[in-house]
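Next comes final_13.cif, a file with mmCIF, C-alpha atoms.
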data_structure
loop_
_atom_site.label_atom_id
_atom_site.label_comp_id
_atom_site.auth_asym_id
_atom_site.auth_seq_id
_atom_site.Cartn_x
_atom_site.Cartn_y
_atom_site.Cartn_z
CA MET R 1 117.78 97.35 115.71
CA ARG R 2 118.98 98.85 112.47
CA LEU R 3 117.19 101.57 110.54
CA LEU R 4 115.15 100.08 107.75
CA PRO R 5 116.27 101.81 104.56
CA LEU R 6 112.86 101.41 102.94
CA LEU R 7 110.99 103.21 105.69
CA ALA R 8 113.57 105.94 106.06
CA ALA R 9 113.51 106.59 102.34
CA LEU R 10 109.76 107.04 102.35
CA ALA R 11 109.61 109.70 105.08
CA PHE R 12 108.83 112.52 102.68
CA CYS R 13 105.13 113.36 102.76
CA THR R 14 103.51 116.76 103.35
CA ASP R 15 103.18 118.28 106.80
CA VAL R 16 100.10 117.57 108.89
CA SER R 17 98.70 119.23 111.95
CA ALA R 18 98.86 116.58 114.64
CA GLY R 19 99.79 116.02 118.22
CA PRO R 20 99.75 113.69 121.20
CA GLN R 21 95.97 113.84 121.73
CA ASP R 22 95.06 112.62 118.26
CA VAL R 23 93.36 109.37 117.31
CA VAL R 24 93.77 107.72 113.92
CA ARG R 25 90.74 107.63 111.68
CA THR R 26 88.27 104.85 112.41
CA HIS R 27 88.77 101.40 110.95
CA PRO R 28 85.85 99.15 111.95
CA ALA R 29 86.41 95.76 113.51
CA GLN R 30 85.30 92.57 111.79
CA LYS R 31 83.93 89.69 113.83
CA VAL R 32 85.79 86.65 112.49
CA GLY R 33 84.87 84.11 115.18
CA ALA R 34 82.41 83.60 118.01
CA ALA R 35 84.42 85.89 120.28
CA THR R 36 87.23 87.11 118.02
CA TYR R 37 87.51 90.48 116.32
CA VAL R 38 90.10 91.87 113.89
CA ILE R 39 90.70 95.35 112.52
CA HIS R 40 92.28 94.82 109.11
CA GLY R 41 94.61 97.75 108.62
CA PRO R 42 95.57 99.08 105.18
CA GLN R 43 98.58 97.34 103.67
CA GLY R 44 101.72 99.37 103.13
CA VAL R 45 104.36 101.17 105.17
CA PRO R 46 103.68 103.84 107.84
CA SER R 47 102.88 107.20 106.26
CA VAL R 48 101.12 110.50 106.72
CA GLU R 49 98.21 109.10 104.73
CA ASN R 50 97.63 106.05 106.93
CA GLN R 51 98.61 107.91 110.14
CA SER R 52 101.01 105.01 110.92
CA PHE R 53 98.19 102.45 111.13
CA MET R 54 98.78 99.42 108.89
CA ASN R 55 98.66 96.20 110.96
CA ASN R 56 95.87 93.86 112.12
CA PRO R 57 95.02 94.48 115.79
CA ALA R 58 92.76 91.76 117.19
CA TRP R 59 91.06 90.76 120.40
CA ILE R 60 89.40 87.74 121.95
CA VAL R 61 86.63 88.13 124.51
CA THR R 62 87.06 85.54 127.27
CA ALA R 63 85.02 84.70 130.36
CA ASP R 64 87.15 87.04 132.48
CA GLY R 65 88.08 89.84 130.12
CA VAL R 66 89.67 90.66 126.79
CA VAL R 67 92.97 89.45 125.32
CA VAL R 68 94.44 91.81 122.71
CA ILE R 69 96.90 90.82 120.00
CA ASP R 70 99.11 93.63 118.62
CA PRO R 71 97.24 96.87 119.46
CA GLY R 72 98.89 98.94 116.73
CA SER R 73 101.67 101.34 115.86
CA SER R 74 101.22 104.31 118.19
CA VAL R 75 99.19 105.60 121.10
CA GLN R 76 96.92 107.25 118.50
CA ALA R 77 96.32 103.91 116.74
CA GLY R 78 95.85 102.20 120.09
CA ARG R 79 93.13 104.68 121.05
CA MET R 80 91.25 103.85 117.88
CA VAL R 81 91.60 100.13 118.64
CA VAL R 82 90.31 100.67 122.18
CA ALA R 83 87.30 102.60 120.88
CA GLN R 84 86.40 99.78 118.50
CA LEU R 85 87.00 97.15 121.18
CA ARG R 86 84.63 98.89 123.60
CA LYS R 87 81.88 98.68 120.99
CA THR R 88 82.07 94.87 121.25
CA THR R 89 82.27 94.30 125.02
CA LYS R 90 82.25 96.06 128.37
CA LYS R 91 84.85 93.68 129.79
CA PRO R 92 88.32 95.00 130.64
CA VAL R 93 91.50 94.12 128.80
CA THR R 94 93.44 91.70 131.01
CA HIS R 95 96.26 90.62 128.69
CA VAL R 96 98.08 91.79 125.58
CA PHE R 97 100.29 89.66 123.34
CA ASN R 98 102.87 91.41 121.15
CA THR R 99 103.92 89.17 118.27
CA HIS R 100 107.34 90.73 117.59
CA VAL R 101 109.61 93.73 118.00
CA HIS R 102 108.51 95.78 114.97
CA GLY R 103 106.79 98.81 116.42
CA ASP R 104 103.86 98.94 114.02
CA HIS R 105 102.46 96.04 116.06
CA TRP R 106 103.04 97.02 119.68
CA LEU R 107 103.42 100.76 120.28
CA GLY R 108 99.66 100.84 120.84
CA ASN R 109 100.35 99.15 124.20
CA GLN R 110 100.35 102.63 125.73
CA ALA R 111 96.67 103.18 124.95
CA ILE R 112 95.77 99.86 126.60
CA LEU R 113 97.68 100.66 129.77
CA ASP R 114 96.26 104.19 129.91
CA LEU R 115 92.81 102.65 130.37
CA TRP R 116 93.67 99.29 131.97
CA PRO R 117 96.95 99.83 133.87
CA LYS R 118 96.88 96.31 135.37
CA ALA R 119 96.83 94.58 131.99
CA THR R 120 99.64 92.04 131.52
CA ILE R 121 101.71 92.54 128.37
CA ILE R 122 103.44 89.45 126.99
CA GLY R 123 106.18 89.11 124.36
CA HIS R 124 109.10 87.07 123.08
CA PRO R 125 112.13 87.22 125.42
CA ASP R 126 114.31 88.58 122.61
CA MET R 127 111.70 91.21 121.78
CA ILE R 128 111.70 92.40 125.38
CA LYS R 129 115.48 92.54 125.48
CA GLY R 130 115.71 94.26 122.12
CA ALA R 131 113.08 96.84 123.02
CA ARG R 132 114.89 97.64 126.24
CA ASP R 133 118.22 97.85 124.43
CA GLY R 134 117.06 100.54 122.01
CA ALA R 135 114.52 99.08 119.59
CA GLY R 136 111.67 100.71 121.50
CA ALA R 137 113.16 104.18 121.14
CA PHE R 138 114.10 103.43 117.53
CA TRP R 139 110.53 102.55 116.59
CA VAL R 140 109.00 105.51 118.43
CA LYS R 141 111.24 107.84 116.44
CA LEU R 142 110.71 106.00 113.16
CA MET R 143 106.93 106.22 113.47
CA SER R 144 107.17 109.93 114.19
CA ASP R 145 109.49 110.48 111.23
CA MET R 146 107.30 108.49 108.86
CA THR R 147 104.14 110.36 109.84
CA LYS R 148 105.69 113.84 110.14
CA GLY R 149 105.02 113.92 113.87
CA TYR R 150 101.52 112.46 113.90
CA THR R 151 102.47 109.77 116.42
CA ASP R 152 104.25 112.14 118.79
CA GLY R 153 103.37 111.42 122.41
CA THR R 154 103.78 107.67 121.95
CA ARG R 155 105.80 105.84 124.62
CA ALA R 156 107.36 102.42 124.20
CA GLU R 157 105.46 100.35 126.77
CA ILE R 158 107.53 97.16 126.66
CA PRO R 159 106.12 93.72 127.57
CA THR R 160 106.99 92.54 131.07
CA VAL R 161 106.13 88.83 130.78
CA GLU R 162 108.11 86.44 128.57
CA ALA R 163 106.42 83.86 126.35
CA ARG R 164 108.45 80.83 125.33
CA ASP R 165 107.95 78.18 122.69
CA GLY R 166 105.33 75.62 123.74
CA GLN R 167 104.19 77.64 126.73
CA GLU R 168 100.45 77.82 127.39
CA PHE R 169 98.62 80.68 129.06
CA ARG R 170 95.21 79.83 130.51
CA ILE R 171 93.17 83.03 130.38
CA GLY R 172 89.42 83.31 130.92
CA GLY R 173 88.74 79.69 130.07
CA LYS R 174 90.81 79.70 126.87
CA THR R 175 94.25 78.26 126.13
CA PHE R 176 96.75 80.52 124.39
CA ARG R 177 99.56 78.29 123.10
CA ILE R 178 102.83 79.90 122.04
CA HIS R 179 104.76 79.00 118.89
CA SER R 180 107.94 81.07 118.97
CA SER R 181 111.05 81.34 116.82
CA THR R 182 114.38 83.15 116.75
CA ASP R 183 115.14 83.12 113.02
CA ALA R 184 111.92 83.99 111.18
CA HIS R 185 110.41 87.36 110.19
CA SER R 186 112.07 89.47 112.90
CA LYS R 187 113.96 86.85 114.93
CA THR R 188 111.69 87.80 117.86
CA ASP R 189 108.43 86.23 116.69
CA LEU R 190 105.45 84.67 118.40
CA MET R 191 102.52 82.91 116.80
CA ILE R 192 99.62 82.57 119.22
CA GLU R 193 97.20 79.67 118.94
CA VAL R 194 93.83 79.90 120.64
CA VAL R 195 93.38 76.18 121.05
CA GLU R 196 89.65 75.93 121.75
CA ASP R 197 88.81 78.26 118.87
CA ARG R 198 91.26 76.68 116.40
CA THR R 199 92.57 80.15 115.60
CA LEU R 200 96.21 81.06 114.91
CA PHE R 201 97.52 84.61 115.10
CA THR R 202 100.62 84.41 112.94
CA GLY R 203 102.14 87.84 113.47
CA ASP R 204 104.30 88.72 110.49
CA ASN R 205 105.52 85.16 109.99
CA VAL R 206 102.55 84.83 107.65
CA LEU R 207 101.06 87.68 105.61
CA SER R 208 98.03 87.58 103.36
CA ARG R 209 98.82 88.49 99.76
CA GLN R 210 101.77 90.67 100.71
CA VAL R 211 105.43 90.29 99.76
CA MET R 212 107.22 90.15 103.09
CA ASN R 213 109.90 92.55 104.30
CA LEU R 214 112.61 90.14 105.45
CA ARG R 215 115.43 92.58 106.19
CA ASP R 216 115.46 91.55 109.85
CA GLY R 217 114.79 87.84 109.32
CA THR R 218 115.75 84.77 107.33
CA PHE R 219 114.16 82.79 104.52
CA THR R 220 115.01 79.56 106.26
CA GLY R 221 113.24 80.64 109.43
CA VAL R 222 110.13 82.12 107.88
CA MET R 223 109.67 79.12 105.58
CA LYS R 224 109.93 76.83 108.61
CA GLU R 225 107.34 78.89 110.48
CA THR R 226 105.04 78.90 107.45
CA GLY R 227 105.12 75.11 107.55
CA ARG R 228 104.58 75.18 111.28
CA ALA R 229 101.52 77.37 110.85
CA LEU R 230 100.07 74.83 108.43
CA ALA R 231 100.85 72.00 110.85
CA VAL R 232 98.74 73.70 113.51
CA ASP R 233 95.81 73.07 111.14
CA ALA R 234 93.81 76.00 112.45
CA LYS R 235 90.35 76.78 111.19
CA LEU R 236 91.14 80.50 111.12
CA TYR R 237 94.43 82.26 110.42
CA VAL R 238 94.89 85.92 111.36
CA PRO R 239 97.98 87.31 109.60
CA GLY R 240 99.99 90.31 110.71
CA HIS R 241 98.93 92.18 107.54
CA GLY R 242 96.22 91.42 105.01
CA LYS R 243 92.88 89.68 105.29
CA THR R 244 92.05 86.90 107.73
CA GLY R 245 91.24 83.55 106.17
CA ASP R 246 91.65 79.79 106.25
CA ARG R 247 94.78 77.72 105.56
CA LYS R 248 94.70 78.71 101.89
CA LEU R 249 96.35 82.04 102.69
CA VAL R 250 99.22 80.19 104.39
CA GLU R 251 99.49 77.74 101.49
CA GLU R 252 99.75 80.71 99.10
CA GLN R 253 102.69 82.12 101.05
CA LYS R 254 104.37 78.70 101.14
CA ALA R 255 103.97 78.31 97.39
CA TYR R 256 105.42 81.77 96.78
CA PHE R 257 108.50 81.07 98.90
CA ASP R 258 108.98 77.60 97.43
CA ILE R 259 109.00 79.01 93.90
CA LEU R 260 111.27 81.91 94.77
CA MET R 261 113.87 79.84 96.59
CA ALA R 262 113.94 77.12 93.95
CA GLU R 263 114.39 79.64 91.16
CA VAL R 264 117.07 81.66 92.96
CA ARG R 265 118.97 78.46 93.72
CA ARG R 266 118.79 77.36 90.07
CA LEU R 267 119.95 80.75 88.79
CA TYR R 268 122.69 80.96 91.42
CA ASP R 269 124.03 77.60 90.23
CA GLU R 270 124.11 79.09 86.72
CA GLY R 271 126.31 81.92 88.00
CA LYS R 272 123.79 84.75 87.66
CA SER R 273 123.87 87.82 89.90
CA ASP R 274 120.89 89.23 91.79
CA PHE R 275 120.07 91.94 89.21
CA GLU R 276 120.17 89.33 86.46
CA MET R 277 117.90 87.06 88.46
CA LYS R 278 115.17 89.57 89.26
CA PRO R 279 113.28 89.61 85.93
CA LEU R 280 113.52 85.82 85.64
CA VAL R 281 112.29 85.27 89.21
CA ALA R 282 109.52 87.84 88.67
CA GLU R 283 108.38 85.93 85.60
CA LYS R 284 108.14 82.71 87.62
CA LEU R 285 106.17 84.58 90.29
CA GLU R 286 103.86 86.40 87.90
CA ALA R 287 100.78 85.04 89.68
CA TYR R 288 101.80 87.06 92.74
CA LYS R 289 102.66 90.39 91.10
CA ASN R 290 99.53 92.09 92.46
CA TRP R 291 100.47 91.38 96.06
CA ALA R 292 101.16 94.39 98.27
CA GLU R 293 104.82 95.49 98.45
CA TRP R 294 105.73 93.47 95.33
CA ASP R 295 107.85 96.23 93.80
CA THR R 296 109.49 97.13 97.09
CA ASN R 297 110.41 93.76 98.56
CA LEU R 298 111.00 91.29 95.73
CA GLY R 299 114.53 92.51 94.96
CA PRO R 300 115.69 92.48 98.59
CA GLN R 301 114.22 89.00 99.01
CA ILE R 302 116.29 87.71 96.09
CA SER R 303 119.45 89.26 97.56
CA LEU R 304 118.74 87.70 100.95
CA ALA R 305 118.04 84.31 99.38
CA ILE R 306 121.44 84.45 97.65
CA LEU R 307 123.18 85.25 100.95
CA GLU R 308 121.53 82.30 102.65
CA ILE R 309 122.42 79.95 99.80
CA GLU R 310 126.04 81.09 100.05
CA GLN R 311 126.03 80.34 103.79
CA GLU R 312 124.83 76.77 103.39
#
Could you spell out this file's structure in structure tokens?
Amino acid sequence: MRLLPLLAALAFCTDVSAGPQDVVRTHPAQKVGAATYVIHGPQGVPSVENQSFMNNPAWIVTADGVVVIDPGSSVQAGRMVVAQLRKTTKKPVTHVFNTHVHGDHWLGNQAILDLWPKATIIGHPDMIKGARDGAGAFWVKLMSDMTKGYTDGTRAEIPTVEARDGQEFRIGGKTFRIHSSTDAHSKTDLMIEVVEDRTLFTGDNVLSRQVMNLRDGTFTGVMKETGRALAVDAKLYVPGHGKTGDRKLVEEQKAYFDILMAEVRRLYDEGKSDFEMKPLVAEKLEAYKNWAEWDTNLGPQISLAILEIEQE
């Protein structure tokens, strides 16, 4: 796992007094379905200000217990998630799904296991391998660096059960169907469909009104998974970042990528370079300029799109 230049460059904020017993500030859960809850984290990169918390932890209450999706970026974030979860049910956490290898989604596993040590943690086979091969340690250090030590004390509790494409987990009377990929947002991605509830947890393959960081993925893959998410035809889509909603949020992402790729391809055929393309592509995407991470990620997306066009 390579160091993300964006995150490293932003590790500059003022010192804070923090340590391994801390808990991030409270972010209340929203009930989005009959038995489904989501904490919508602030959009952005990990920082001192957000205490590393910036994803969308979620949980589903089943007949036998609770299934958690992506419990957050650190043990401190995970403790906050656990506190909010316990306000909604007295049932134990039995399973955790981690949608991909990026640590802002799964380093909260530690807080789950501290309270429910028998919980089963499930992830993509390539995520498990990558985490064992150094990505876990990388993300623990990165979170500490980005928060000036706030997340210290976090351990990388890596999933132990593999989830493969098309696999179904029957848990507490509900069916959790796996849609996995090896070339999308992180190349280690799961989308988790709760069949009976018609809910799809997209991980970072789909974001809501946020320009995606694709430094570890491919346009081809994430566009394919965006279409796959629409084909599921869920009633409710829970993105990795941004607000939960219906299929319109997925259609917005598809439209954004369709416009970007078509414009980059046209300009590439005209012989323009990436820096020449950026203002022209931005003009075509003006309707999306208020999305989170627009200034940070648009340029790198154009460069990646060019590379993929050249490899065709």
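You can rank R:Thr160, R:Thr147, R:Gln84, R:Asn55 by their closest distance to Thr120 (chain R) using all atoms listed in the file, and at the top of that list sits R:Thr160.
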| Can you tell me, as a PyMOL selection string, what residues are no more than 7 Å from region 90-105 of chain R when counting all atoms listed in the file, ignoring any on the same chain fewer than 4 positions away? | chain R and resi 55+65-73+86+116+119-124+127+131+139+186+188-191+203
| query | Hey, can you check how far CA of Tyr268 (chain R) sits from CA of Leu280 (chain R)? | reply |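 Distance between the two atoms: 11.9 Å.
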| So which one's closest to Gly33 (chain R), R:Lys187, R:Lys235, R:Lys148, R:Arg215? Using all atoms listed in the file, please. |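 So, comparing all the options, the nearest one is R:Lys235.
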| task | For the structure shown, which residues end up in the PyMOL selection byres ((chain R and resi 233) around 10)? Put them as a list in words, please? | result | Arg198, Thr199, Leu200, Arg228, Ala229, Leu230, Ala231, Val232, Ala234, Lys235, Leu236, Tyr237, Asp246 and Arg247 of chain R
| remark: CA of Val82 (chain R) to CA of His185 (chain R) measures 26.9 Å
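Near Val195 (chain R), within 10 Å and counting all atoms listed in the file, sit R:Glu168, R:Lys174, R:Thr175, R:Phe176, R:Arg177, R:Val232, R:Ala234, not including residues fewer than 6 positions from it in the same chain.
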| request: Measuring atom to atom with only C-alpha atoms, identify which of R:Gly41, R:Gly227, R:Gly136, R:Gly240 is nearest to Gln253 (chain R). | output: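 Checking each of R:Gly41, R:Gly227, R:Gly136, R:Gly240 against Gln253 (chain R), counting only C-alpha atoms, the winner is R:Gly227.
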| said: Report as a list in words all protein, DNA and RNA residues lying within 9 Å of Tyr288 (chain R), evaluated on all atoms listed in the file, omitting residues in the same chain fewer than 2 positions from it. | reply: Arg209, Gln210, Val211, Tyr256, Ala282, Leu285, Glu286, Asn290, Trp291 and Trp294 of chain R
Can you write just those residues out, C-alpha atoms, as an mmCIF file, in the frame of the given file?
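Output contents, as saved in again.cif:
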data_model
loop_
_atom_site.group_PDB
_atom_site.id
_atom_site.type_symbol
_atom_site.label_atom_id
_atom_site.label_comp_id
_atom_site.auth_asym_id
_atom_site.auth_seq_id
_atom_site.Cartn_x
_atom_site.Cartn_y
_atom_site.Cartn_z
ATOM 1 C CA ARG R 209 98.820 88.490 99.760
ATOM 2 C CA GLN R 210 101.770 90.670 100.710
ATOM 3 C CA VAL R 211 105.430 90.290 99.760
ATOM 4 C CA TYR R 256 105.420 81.770 96.780
ATOM 5 C CA ALA R 282 109.520 87.840 88.670
ATOM 6 C CA LEU R 285 106.170 84.580 90.290
ATOM 7 C CA GLU R 286 103.860 86.400 87.900
ATOM 8 C CA ASN R 290 99.530 92.090 92.460
ATOM 9 C CA TRP R 291 100.470 91.380 96.060
ATOM 10 C CA TRP R 294 105.730 93.470 95.330
#
| Residues matched by the PyMOL selection byres ((chain R and resi 24) around 7), written as a ChimeraX atom specification | /R:22-23,25-26,51,76-77,80
Could those residues be written to a file, using C-alpha atoms, as a short mmCIF file (atom, residue, chain, number, x, y, z; two decimals), in the coordinates of the input?
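Below is the file that was written, selection_13.cif:
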data_model
loop_
_atom_site.label_atom_id
_atom_site.label_comp_id
_atom_site.auth_asym_id
_atom_site.auth_seq_id
_atom_site.Cartn_x
_atom_site.Cartn_y
_atom_site.Cartn_z
CA ASP R 22 95.06 112.62 118.26
CA VAL R 23 93.36 109.37 117.31
CA ARG R 25 90.74 107.63 111.68
CA THR R 26 88.27 104.85 112.41
CA GLN R 51 98.61 107.91 110.14
CA GLN R 76 96.92 107.25 118.50
CA ALA R 77 96.32 103.91 116.74
CA MET R 80 91.25 103.85 117.88
#
| Pairwise distance for CA of Glu193 (chain R) and CA of Ala135 (chain R), rounded to one decimal in Å |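 Straight-line distance from CA of Glu193 (chain R) to CA of Ala135 (chain R) works out to 26.0 Å.
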| request: Please evaluate the PyMOL selection byres ((chain R and resi 157) around 10) against the displayed coordinates and give the resulting residues as a ChimeraX atom specification. | output: /R:75,106-113,121,131-132,136,154-156,158-160
| said: At a cut-off of 7 Å, using only C-alpha atoms, what residues contact Met54 (chain R)? Leave out same-chain residues fewer than 5 positions from it and give the result as a PyMOL selection string. | reply: chain R and resi 41-46
Produce a file of the selected residues containing C-alpha atoms, as an mmCIF file, in the frame of the given file.
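Saved as part.cif:
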data_model
loop_
_atom_site.group_PDB
_atom_site.id
_atom_site.type_symbol
_atom_site.label_atom_id
_atom_site.label_comp_id
_atom_site.auth_asym_id
_atom_site.auth_seq_id
_atom_site.Cartn_x
_atom_site.Cartn_y
_atom_site.Cartn_z
ATOM 1 C CA GLY R 41 94.610 97.750 108.620
ATOM 2 C CA PRO R 42 95.570 99.080 105.180
ATOM 3 C CA GLN R 43 98.580 97.340 103.670
ATOM 4 C CA GLY R 44 101.720 99.370 103.130
ATOM 5 C CA VAL R 45 104.360 101.170 105.170
ATOM 6 C CA PRO R 46 103.680 103.840 107.840
#
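Comparing the minimum interatomic distances between Thr296 (chain R) and each of R:Gly149, R:Arg170, R:Gly78, R:Met212, counting only C-alpha atoms, we find that R:Met212 sits nearest.
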| said: Counting all atoms listed in the file, which residue out of R:Asp165, R:Asp274, R:Glu251, R:Asp126 sits closest to Pro300 (chain R)? | reply: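 Using all atoms listed in the file, the shortest distance to Pro300 (chain R) belongs to R:Asp274.
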Each side padded by 3 Å, which centre and which edge lengths in Å (one decimal) define the axis-aligned box around the listed atoms of region 38-44 of chain R? Give them as JSON.
{"center_x": 95.9, "center_y": 95.6, "center_z": 108.5, "size_x": 17.6, "size_y": 13.5, "size_z": 16.8}
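Within the 9 Å cut-off around Ala58 (chain R), using all atoms listed in the file and omitting residues fewer than 2 positions from it on the same chain, the listed residues are Ala29, Thr36, Tyr37, Val38, Ile39, His40, Asn56, Ile60, Val67, Val68, Ile69, Asp70, Pro71, Val81, Leu85, Phe201 and Val238 of chain R.
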| said: Using only C-alpha atoms for the distances, tell me which of R:Ser208, R:Ser273, R:Ser47, R:Ser74 is nearest to Val140 (chain R). | reply: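 Once distances to Val140 (chain R) are computed over only C-alpha atoms, the minimum belongs to R:Ser74.
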